[in-house]
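Some notes on the structure that comes next.
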Amino acid sequence: MAWRLGSNLSGGWAVAATVATAIDPAWVQALERQMQTVFFETRGSVAPPQNIVILAIDESSLSQGEFFRADPNRYSDLEPIQAWPWQRSAYAIVVDKLMVAGAKAVAIDLIFSTPSSYGEADDRRFAQSLQQHSSRIVLASQYAQLDTPQGFVTQLETPLPEFCETDRCLGFINFLLEPNGRIHQFGDRFLARLMQDSPPEQAEVLEQLPTFAESTLKAAQISYPERSGNSIFFYGPAQTFDQVPFWQVLDSATWRNNLQSGAYFKDKIVIIGSTALAHQDFHAAPFSGSWLHPQQMAGVELHANAIATRLEGKSIAEAIPNAPLRGLIVFVGIAASGWIIQRPKQPFKRLAGGLGLAIVWTGISYALLTQAQLIVPVAIPITAIAFSGVSLLVAGSIHEQLRKQKLRDTLKITLRLRSFRKLSASKTILKI
């Protein structure tokens with residue numbers, strides 16, 4: 001009876017895992033995404049493409065105003081960034097320098113949706129630079145929710161028209177937040193969900209743009225493979241991609257000495273964005289906001305990972321896109337594992353078998369994700385296999401205890417019978 005109970009429990013775990021995988025609710029998605037995060041962080045950092053560089057608006061760049069105010073003549077190049085928000089002429093100077101240096105494209109992860117606080121001349125200087133290099137410049141836009149008397153309405157926030165006249169120079173920077181609270185997929189999944197969840201009348205008028213990564217690669221005019229999946233291949237934690245402080249491009253001496261008069265940027269995609277803590281543009285993703293990597297990832301680094309993934313053809317895809325079919329395959333895998341686990345007679349061997357098969361399943365899933373860029377179910381199946389082993393251990397232990405108790409009871413009855421027979425024999429002798 002105990003053995004039958006163990007087998008029934010094992011089968012129950014298989015059915016439960018199958019149903020959960022086939023239905024694919026949010027909690028299952030959260031567990032699977034969390035396992036992918038663990039796999040990435042177990043793998044560690046890998047070398048990103050060398051032709052992608054982040055021009056970082058970092059703490060050192062934000063503090064350069066101190067040097068300018070201390071010695072304006074010596075540090076005159078830093079005048080446009082003496083106080084935040086910076087003059088837009090600073091971005092114009094940097095864009096001009098990068099283009100002359102031979103950068104493939106410059107993508108700016110900032111939204112210039114309002115006029116400059118330094119006056120119209122500042123905007124005109126920036127617009128002039130953007131128009132001169134318009135085919136290789138990408139500016140950020142974003143889908144934002146606005147609170148109106150009619151309720152929350154999603155609108156596209158874009159730069160001023162004089163900075164970008166066509167959609168060709170725009171890319172939206174939104175990412176979809178997964179059930180595990182992290183970013184895993186390309187930005188277009190955000191747009192797909194937005195269109196799906198928006199009322200029909202809003203969806204019809206909502207302007208649809210390419211993602212920041214797509215627009216950047218198009219501006220760079222670099223050929224890259226077709227995307228096979230929707231998930232980003234994360235290369236590592238913060239600072240994995242080469243970063244250059246923004247101020248170093250402005251400063252003539254640093255530009256000449258550290259950056260070889262711009263030769264460092266030749267044939268590279270340059271992404272300008274903030275990594276400063278003060279700007280709070282940080283997000284949870286693999287390699288960020290975790291026990292191993294508590295520091296969250298800057299938005300500009302998310303874009304670098306997305307661009308690099310597309311550039312190298314490393315997008316991650318579901319090995320089995322159809323959820324019911326995934327459930328069926330999980331059932332077959334767990335059922336086969338259950339059959340293997342039940343082969344040994346000793347309960348502890350069954351537990352070891354269950355844990356061993358769960359480890360094997362995890363190892364195969366890890367290899368498929370990190371080497372083949374394929375996602376297979378892992379969290380639910382290994383839990384079901386491990387619990388099957390535990391169930392069979394418990395059932396086996398109960399069975400063993402019942403067998404021993406039965407043996408003890410049998411021995412007690414046998415001893416009592418022997419004692420009774422001896423007593424009966426003694427009485428018979430006394431009578432004689």
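Residue names in the structure tokens use chain letters A, B, ... in the order shown, residue numbers from 1 in each chain, and ligand numbers from 1 in the order shown.
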
Taking 4 positions as the minimum chain separation for residues in the same chain, which residues sit within 10 Å of range 84-92 of chain A when counting only C-alpha atoms? Answer as a PyMOL selection string. chain A and resi 62-63+65+77-80+96-98+108+112+115-119+121-130+246-247+249-250+272

For the residues in that selection, give me C-alpha atoms as a PDB file, in the first residue's frame.
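The resulting file, again02.pdb, is shown below:
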ATOM      1  CA  LEU A  62      28.812  65.514 -13.334  1.00  0.00           C
ATOM      2  CA  SER A  63      31.549  66.838 -11.039  1.00  0.00           C
ATOM      3  CA  GLY A  65      31.965  71.823 -13.088  1.00  0.00           C
ATOM      4  CA  ASP A  77      36.287  72.919 -22.608  1.00  0.00           C
ATOM      5  CA  LEU A  78      34.185  71.883 -19.616  1.00  0.00           C
ATOM      6  CA  GLU A  79      32.079  75.057 -19.542  1.00  0.00           C
ATOM      7  CA  PRO A  80      29.002  73.395 -21.193  1.00  0.00           C
ATOM      8  CA  ASP A  96      30.616  66.381 -34.007  1.00  0.00           C
ATOM      9  CA  LYS A  97      33.831  64.978 -32.537  1.00  0.00           C
ATOM     10  CA  LEU A  98      32.609  61.386 -32.635  1.00  0.00           C
ATOM     11  CA  ILE A 108      21.644  59.204 -27.172  1.00  0.00           C
ATOM     12  CA  PHE A 112      15.053  66.159 -25.248  1.00  0.00           C
ATOM     13  CA  PRO A 115      13.357  73.467 -24.769  1.00  0.00           C
ATOM     14  CA  SER A 116      16.792  74.021 -23.294  1.00  0.00           C
ATOM     15  CA  SER A 117      16.924  76.038 -20.081  1.00  0.00           C
ATOM     16  CA  TYR A 118      19.902  77.888 -21.630  1.00  0.00           C
ATOM     17  CA  GLY A 119      17.860  79.483 -24.409  1.00  0.00           C
ATOM     18  CA  ALA A 121      20.650  79.392 -29.221  1.00  0.00           C
ATOM     19  CA  ASP A 122      21.572  76.295 -27.236  1.00  0.00           C
ATOM     20  CA  ASP A 123      18.852  74.258 -28.972  1.00  0.00           C
ATOM     21  CA  ARG A 124      19.856  75.624 -32.389  1.00  0.00           C
ATOM     22  CA  ARG A 125      23.459  74.528 -31.859  1.00  0.00           C
ATOM     23  CA  PHE A 126      22.332  71.006 -30.956  1.00  0.00           C
ATOM     24  CA  ALA A 127      19.835  70.856 -33.845  1.00  0.00           C
ATOM     25  CA  GLN A 128      22.521  71.936 -36.304  1.00  0.00           C
ATOM     26  CA  SER A 129      24.782  69.076 -35.265  1.00  0.00           C
ATOM     27  CA  LEU A 130      21.956  66.526 -35.380  1.00  0.00           C
ATOM     28  CA  PHE A 246      31.494  61.889 -21.173  1.00  0.00           C
ATOM     29  CA  TRP A 247      33.799  64.692 -20.072  1.00  0.00           C
ATOM     30  CA  VAL A 249      35.498  63.684 -25.124  1.00  0.00           C
ATOM     31  CA  LEU A 250      34.941  67.360 -24.325  1.00  0.00           C
ATOM     32  CA  ILE A 272      25.419  58.068 -24.649  1.00  0.00           C
TER      33      ILE A 272
END

Write out as JSON lines a residue-level contact list of range 294-318 of chain A versus range 369-383 of chain A with cut-off 8 Å: for each qualifying residue the closest pair of atoms and the distance in Å to one decimal, counting only C-alpha atoms, rows sorted by chain and residue number upward.
{"residue": "A:Lys314", "atom": "CA", "partner": "A:Gln373", "partner_atom": "CA", "distance": 6.6}
{"residue": "A:Ser315", "atom": "CA", "partner": "A:Gln373", "partner_atom": "CA", "distance": 6.7}
{"residue": "A:Ile316", "atom": "CA", "partner": "A:Gln373", "partner_atom": "CA", "distance": 4.6}
{"residue": "A:Ala317", "atom": "CA", "partner": "A:Leu374", "partner_atom": "CA", "distance": 5.1}
{"residue": "A:Glu318", "atom": "CA", "partner": "A:Ile375", "partner_atom": "CA", "distance": 4.7}

Take the residues that were just selected and, keeping N, CA and C atoms, output them as a PDB file, in the first residue's frame.
ATOM      1  N   LYS A 314      22.712  36.482 -31.017  1.00  0.00           N
ATOM      2  CA  LYS A 314      22.632  35.631 -29.824  1.00  0.00           C
ATOM      3  C   LYS A 314      21.293  35.730 -29.109  1.00  0.00           C
ATOM      4  N   SER A 315      20.266  36.187 -29.797  1.00  0.00           N
ATOM      5  CA  SER A 315      18.968  36.280 -29.132  1.00  0.00           C
ATOM      6  C   SER A 315      18.524  34.900 -28.659  1.00  0.00           C
ATOM      7  N   ILE A 316      17.864  34.874 -27.514  1.00  0.00           N
ATOM      8  CA  ILE A 316      17.492  33.620 -26.870  1.00  0.00           C
ATOM      9  C   ILE A 316      16.034  33.309 -27.179  1.00  0.00           C
ATOM     10  N   ALA A 317      15.776  32.073 -27.593  1.00  0.00           N
ATOM     11  CA  ALA A 317      14.442  31.671 -28.016  1.00  0.00           C
ATOM     12  C   ALA A 317      13.925  30.525 -27.162  1.00  0.00           C
ATOM     13  N   GLU A 318      12.608  30.394 -27.101  1.00  0.00           N
ATOM     14  CA  GLU A 318      11.986  29.226 -26.480  1.00  0.00           C
ATOM     15  C   GLU A 318      12.247  28.016 -27.366  1.00  0.00           C
TER      16      GLU A 318
END

DSSP on the backbone: which residues in range 8-244 of chain A end up as helix (DSSP H, G or I)? Give the answer as an NGL selection string. :A and (8-23 or 26-43 or 59-62 or 65-70 or 76-81 or 88-101 or 120-132 or 134-136 or 167-169 or 187-197 or 200-205 or 212-220)

Identify all residues of range 181-382 of chain A in strand (DSSP E or B) (DSSP on the backbone) and supply them as a list in words.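 Taking range 181-382 of chain A and keeping strand (DSSP E or B) only, one gets Ile183, Gln185, Thr211, Ser231, Asp242, Gln243, Val244, Pro245, Ile269, Val270, Ile271, Ile272, Gly273, Ser274, Phe282, His283, Met297, Ala298, Ile316, Ala317, Glu318, Leu374 and Ile375 of chain A.
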
Restricting the output to N, CA and C atoms, write the selected residues as a PDB file, in the first residue's frame.
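Everything below was put into out.pdb:
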ATOM      1  N   ILE A 183      14.032  42.584 -16.239  1.00  0.00           N
ATOM      2  CA  ILE A 183      13.951  42.750 -17.696  1.00  0.00           C
ATOM      3  C   ILE A 183      14.703  41.614 -18.358  1.00  0.00           C
ATOM      4  N   GLN A 185      13.471  40.620 -21.980  1.00  0.00           N
ATOM      5  CA  GLN A 185      13.145  40.602 -23.400  1.00  0.00           C
ATOM      6  C   GLN A 185      13.436  41.938 -24.083  1.00  0.00           C
ATOM      7  N   THR A 211      12.493  49.906 -31.784  1.00  0.00           N
ATOM      8  CA  THR A 211      13.185  50.008 -30.492  1.00  0.00           C
ATOM      9  C   THR A 211      14.476  50.815 -30.657  1.00  0.00           C
ATOM     10  N   SER A 231      14.380  37.065 -26.245  1.00  0.00           N
ATOM     11  CA  SER A 231      15.088  37.375 -25.010  1.00  0.00           C
ATOM     12  C   SER A 231      16.522  37.834 -25.281  1.00  0.00           C
ATOM     13  N   ASP A 242      32.707  48.426 -22.483  1.00  0.00           N
ATOM     14  CA  ASP A 242      33.659  49.532 -22.326  1.00  0.00           C
ATOM     15  C   ASP A 242      32.905  50.838 -22.074  1.00  0.00           C
ATOM     16  N   GLN A 243      33.377  51.593 -21.100  1.00  0.00           N
ATOM     17  CA  GLN A 243      32.759  52.874 -20.776  1.00  0.00           C
ATOM     18  C   GLN A 243      33.815  53.971 -20.755  1.00  0.00           C
ATOM     19  N   VAL A 244      33.447  55.093 -21.332  1.00  0.00           N
ATOM     20  CA  VAL A 244      34.307  56.280 -21.339  1.00  0.00           C
ATOM     21  C   VAL A 244      33.511  57.424 -20.722  1.00  0.00           C
ATOM     22  N   PRO A 245      34.031  58.099 -19.718  1.00  0.00           N
ATOM     23  CA  PRO A 245      33.313  59.247 -19.140  1.00  0.00           C
ATOM     24  C   PRO A 245      33.074  60.332 -20.198  1.00  0.00           C
ATOM     25  N   ILE A 269      29.954  51.750 -32.415  1.00  0.00           N
ATOM     26  CA  ILE A 269      28.644  52.281 -32.038  1.00  0.00           C
ATOM     27  C   ILE A 269      28.790  52.905 -30.655  1.00  0.00           C
ATOM     28  N   VAL A 270      28.447  54.174 -30.528  1.00  0.00           N
ATOM     29  CA  VAL A 270      28.600  54.895 -29.264  1.00  0.00           C
ATOM     30  C   VAL A 270      27.206  55.172 -28.703  1.00  0.00           C
ATOM     31  N   ILE A 271      26.993  54.719 -27.461  1.00  0.00           N
ATOM     32  CA  ILE A 271      25.716  54.942 -26.786  1.00  0.00           C
ATOM     33  C   ILE A 271      25.955  55.924 -25.642  1.00  0.00           C
ATOM     34  N   ILE A 272      25.287  57.051 -25.698  1.00  0.00           N
ATOM     35  CA  ILE A 272      25.419  58.068 -24.649  1.00  0.00           C
ATOM     36  C   ILE A 272      24.257  57.911 -23.677  1.00  0.00           C
ATOM     37  N   GLY A 273      24.579  57.777 -22.395  1.00  0.00           N
ATOM     38  CA  GLY A 273      23.523  57.627 -21.398  1.00  0.00           C
ATOM     39  C   GLY A 273      24.077  57.750 -19.995  1.00  0.00           C
ATOM     40  N   SER A 274      23.188  57.838 -19.041  1.00  0.00           N
ATOM     41  CA  SER A 274      23.597  58.080 -17.651  1.00  0.00           C
ATOM     42  C   SER A 274      23.854  56.775 -16.901  1.00  0.00           C
ATOM     43  N   PHE A 282      18.140  53.000 -13.236  1.00  0.00           N
ATOM     44  CA  PHE A 282      18.652  51.656 -12.984  1.00  0.00           C
ATOM     45  C   PHE A 282      17.496  50.662 -12.962  1.00  0.00           C
ATOM     46  N   HIS A 283      17.808  49.435 -13.386  1.00  0.00           N
ATOM     47  CA  HIS A 283      16.758  48.435 -13.558  1.00  0.00           C
ATOM     48  C   HIS A 283      17.267  47.055 -13.123  1.00  0.00           C
ATOM     49  N   MET A 297      21.359  47.517 -12.994  1.00  0.00           N
ATOM     50  CA  MET A 297      21.972  47.849 -14.280  1.00  0.00           C
ATOM     51  C   MET A 297      21.408  49.156 -14.831  1.00  0.00           C
ATOM     52  N   ALA A 298      22.295  50.020 -15.275  1.00  0.00           N
ATOM     53  CA  ALA A 298      21.865  51.291 -15.863  1.00  0.00           C
ATOM     54  C   ALA A 298      21.130  51.025 -17.176  1.00  0.00           C
ATOM     55  N   ILE A 316      17.864  34.874 -27.514  1.00  0.00           N
ATOM     56  CA  ILE A 316      17.492  33.620 -26.870  1.00  0.00           C
ATOM     57  C   ILE A 316      16.034  33.309 -27.179  1.00  0.00           C
ATOM     58  N   ALA A 317      15.776  32.073 -27.593  1.00  0.00           N
ATOM     59  CA  ALA A 317      14.442  31.671 -28.016  1.00  0.00           C
ATOM     60  C   ALA A 317      13.925  30.525 -27.162  1.00  0.00           C
ATOM     61  N   GLU A 318      12.608  30.394 -27.101  1.00  0.00           N
ATOM     62  CA  GLU A 318      11.986  29.226 -26.480  1.00  0.00           C
ATOM     63  C   GLU A 318      12.247  28.016 -27.366  1.00  0.00           C
ATOM     64  N   LEU A 374      18.868  28.662 -26.048  1.00  0.00           N
ATOM     65  CA  LEU A 374      17.538  28.060 -26.057  1.00  0.00           C
ATOM     66  C   LEU A 374      17.025  27.928 -24.624  1.00  0.00           C
ATOM     67  N   ILE A 375      15.742  28.212 -24.466  1.00  0.00           N
ATOM     68  CA  ILE A 375      15.103  28.112 -23.155  1.00  0.00           C
ATOM     69  C   ILE A 375      14.238  26.860 -23.118  1.00  0.00           C
TER      70      ILE A 375
END

May I have the residues within 10 Å of Leu302 in chain A as a PyMOL selection string, using only C-alpha atoms and disregarding those fewer than 4 positions away in the same chain? chain A and resi 173+175+183-184+186+213+232+234+238+282-285+297-298+306-308

Go ahead and save the picked residues with C-alpha atoms, as a PDB file, in the first residue's frame.
ATOM      1  CA  ILE A 173      13.607  52.906 -24.732  1.00  0.00           C
ATOM      2  CA  PHE A 175      11.350  47.373 -21.741  1.00  0.00           C
ATOM      3  CA  ILE A 183      13.951  42.750 -17.696  1.00  0.00           C
ATOM      4  CA  HIS A 184      14.688  39.816 -19.999  1.00  0.00           C
ATOM      5  CA  PHE A 186      13.727  43.077 -26.212  1.00  0.00           C
ATOM      6  CA  ALA A 213      18.420  48.970 -30.381  1.00  0.00           C
ATOM      7  CA  ILE A 232      18.333  39.287 -24.531  1.00  0.00           C
ATOM      8  CA  PHE A 234      23.211  39.298 -21.123  1.00  0.00           C
ATOM      9  CA  ALA A 238      27.630  46.628 -14.789  1.00  0.00           C
ATOM     10  CA  PHE A 282      18.652  51.656 -12.984  1.00  0.00           C
ATOM     11  CA  HIS A 283      16.758  48.435 -13.558  1.00  0.00           C
ATOM     12  CA  ALA A 284      16.654  44.834 -12.353  1.00  0.00           C
ATOM     13  CA  ALA A 285      17.911  42.291 -14.882  1.00  0.00           C
ATOM     14  CA  MET A 297      21.972  47.849 -14.280  1.00  0.00           C
ATOM     15  CA  ALA A 298      21.865  51.291 -15.863  1.00  0.00           C
ATOM     16  CA  ALA A 306      20.225  44.428 -26.522  1.00  0.00           C
ATOM     17  CA  ILE A 307      22.287  45.926 -29.366  1.00  0.00           C
ATOM     18  CA  ALA A 308      25.115  43.423 -28.856  1.00  0.00           C
TER      19      ALA A 308
END

Would you mind telling me which residue in A:Ala103, A:Cys164, A:Val53, A:Leu209 lies nearest to Gln142 in chain A when using only C-alpha atoms?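 Comparing A:Ala103, A:Cys164, A:Val53, A:Leu209 against Gln142 in chain A, the winner is A:Leu209.
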
Selection: 10 Å around Pro324 in chain A, only C-alpha atoms, excl. self and same-chain fewer than 5 positions, as a PyMOL selection string: chain A and resi 18-24+329-330

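Atom pair CA of Glu204 in chain A / CA of Leu177 in chain A has a distance of 23.5 Å (rounded to one decimal).
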
What gap, in Å, lies between CA of Leu170 in chain A and CA of Ile54 in chain A?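 Rounded to one decimal, the two atoms are 18.4 Å apart.
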
So how many Å separate CA of Phe387 in chain A and CA of Leu31 in chain A, to one decimal? 16.5 Å

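With only C-alpha atoms taken into account, the protein and nucleic acid residues at most 10 Å from Ser290 in chain A (excluding it and anything under 4 positions from it in its own chain) are A:Thr37, A:Val38, A:Glu41, A:Ala284, A:Ala285, A:Pro286, A:Pro294, A:Gln295, A:Gln296.
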
Using only C-alpha atoms, which of A:His303, A:Arg343, A:Arg43, A:Arg33 sits nearest Phe241 in chain A? A:His303

Using only C-alpha atoms, determine which residues lie at most 9 Å from Gly44 in chain A, disregarding the query and same-chain residues fewer than 5 positions distant; provide the list as a PDB file with C-alpha atoms, in the first residue's frame.
ATOM      1  CA  PHE A  39      22.119  30.438 -15.103  1.00  0.00           C
ATOM      2  CA  TYR A 235      26.991  39.568 -21.298  1.00  0.00           C
ATOM      3  CA  GLY A 236      27.675  40.408 -17.666  1.00  0.00           C
ATOM      4  CA  PRO A 237      27.111  42.874 -14.814  1.00  0.00           C
ATOM      5  CA  PHE A 287      23.528  40.316 -13.194  1.00  0.00           C
TER       6      PHE A 287
END

Top pick for closest residue to Val100 in chain A, considering A:Gly229, A:Pro344, A:Gly262, A:Gly299 and counting only C-alpha atoms: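 Answer, going by the shortest atom-to-atom distance: A:Gly262.
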
Ranking A:Gln155, A:Thr309, A:Gln34, A:Gln50 by minimum distance to Lys266 in chain A and counting only C-alpha atoms, which one comes first?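 Among the listed residues, A:Gln50 lies closest to Lys266 in chain A.
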
Residues near Thr275 in chain A, anyone? I mean within 8 Å using only C-alpha atoms, not counting same-chain ones fewer than 4 positions away, as a list of chain:residue names.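 My list of contacting residues is A:Ala56, A:Ile57, A:Asp58, A:Glu59, A:His279, A:Asp281, A:Ala298, A:Gly299, A:Val300.
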
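For the residues A:Pro225, A:Pro321, A:Gly171, A:Pro200, ranking by smallest atom-to-atom distance to Phe212 in chain A using only C-alpha atoms places A:Gly171 first.
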
So, with only C-alpha atoms as the atoms that count, which of A:Gly333, A:Pro48, A:Gly12, A:Pro25 lies closest to Glu312 in chain A? A:Pro48
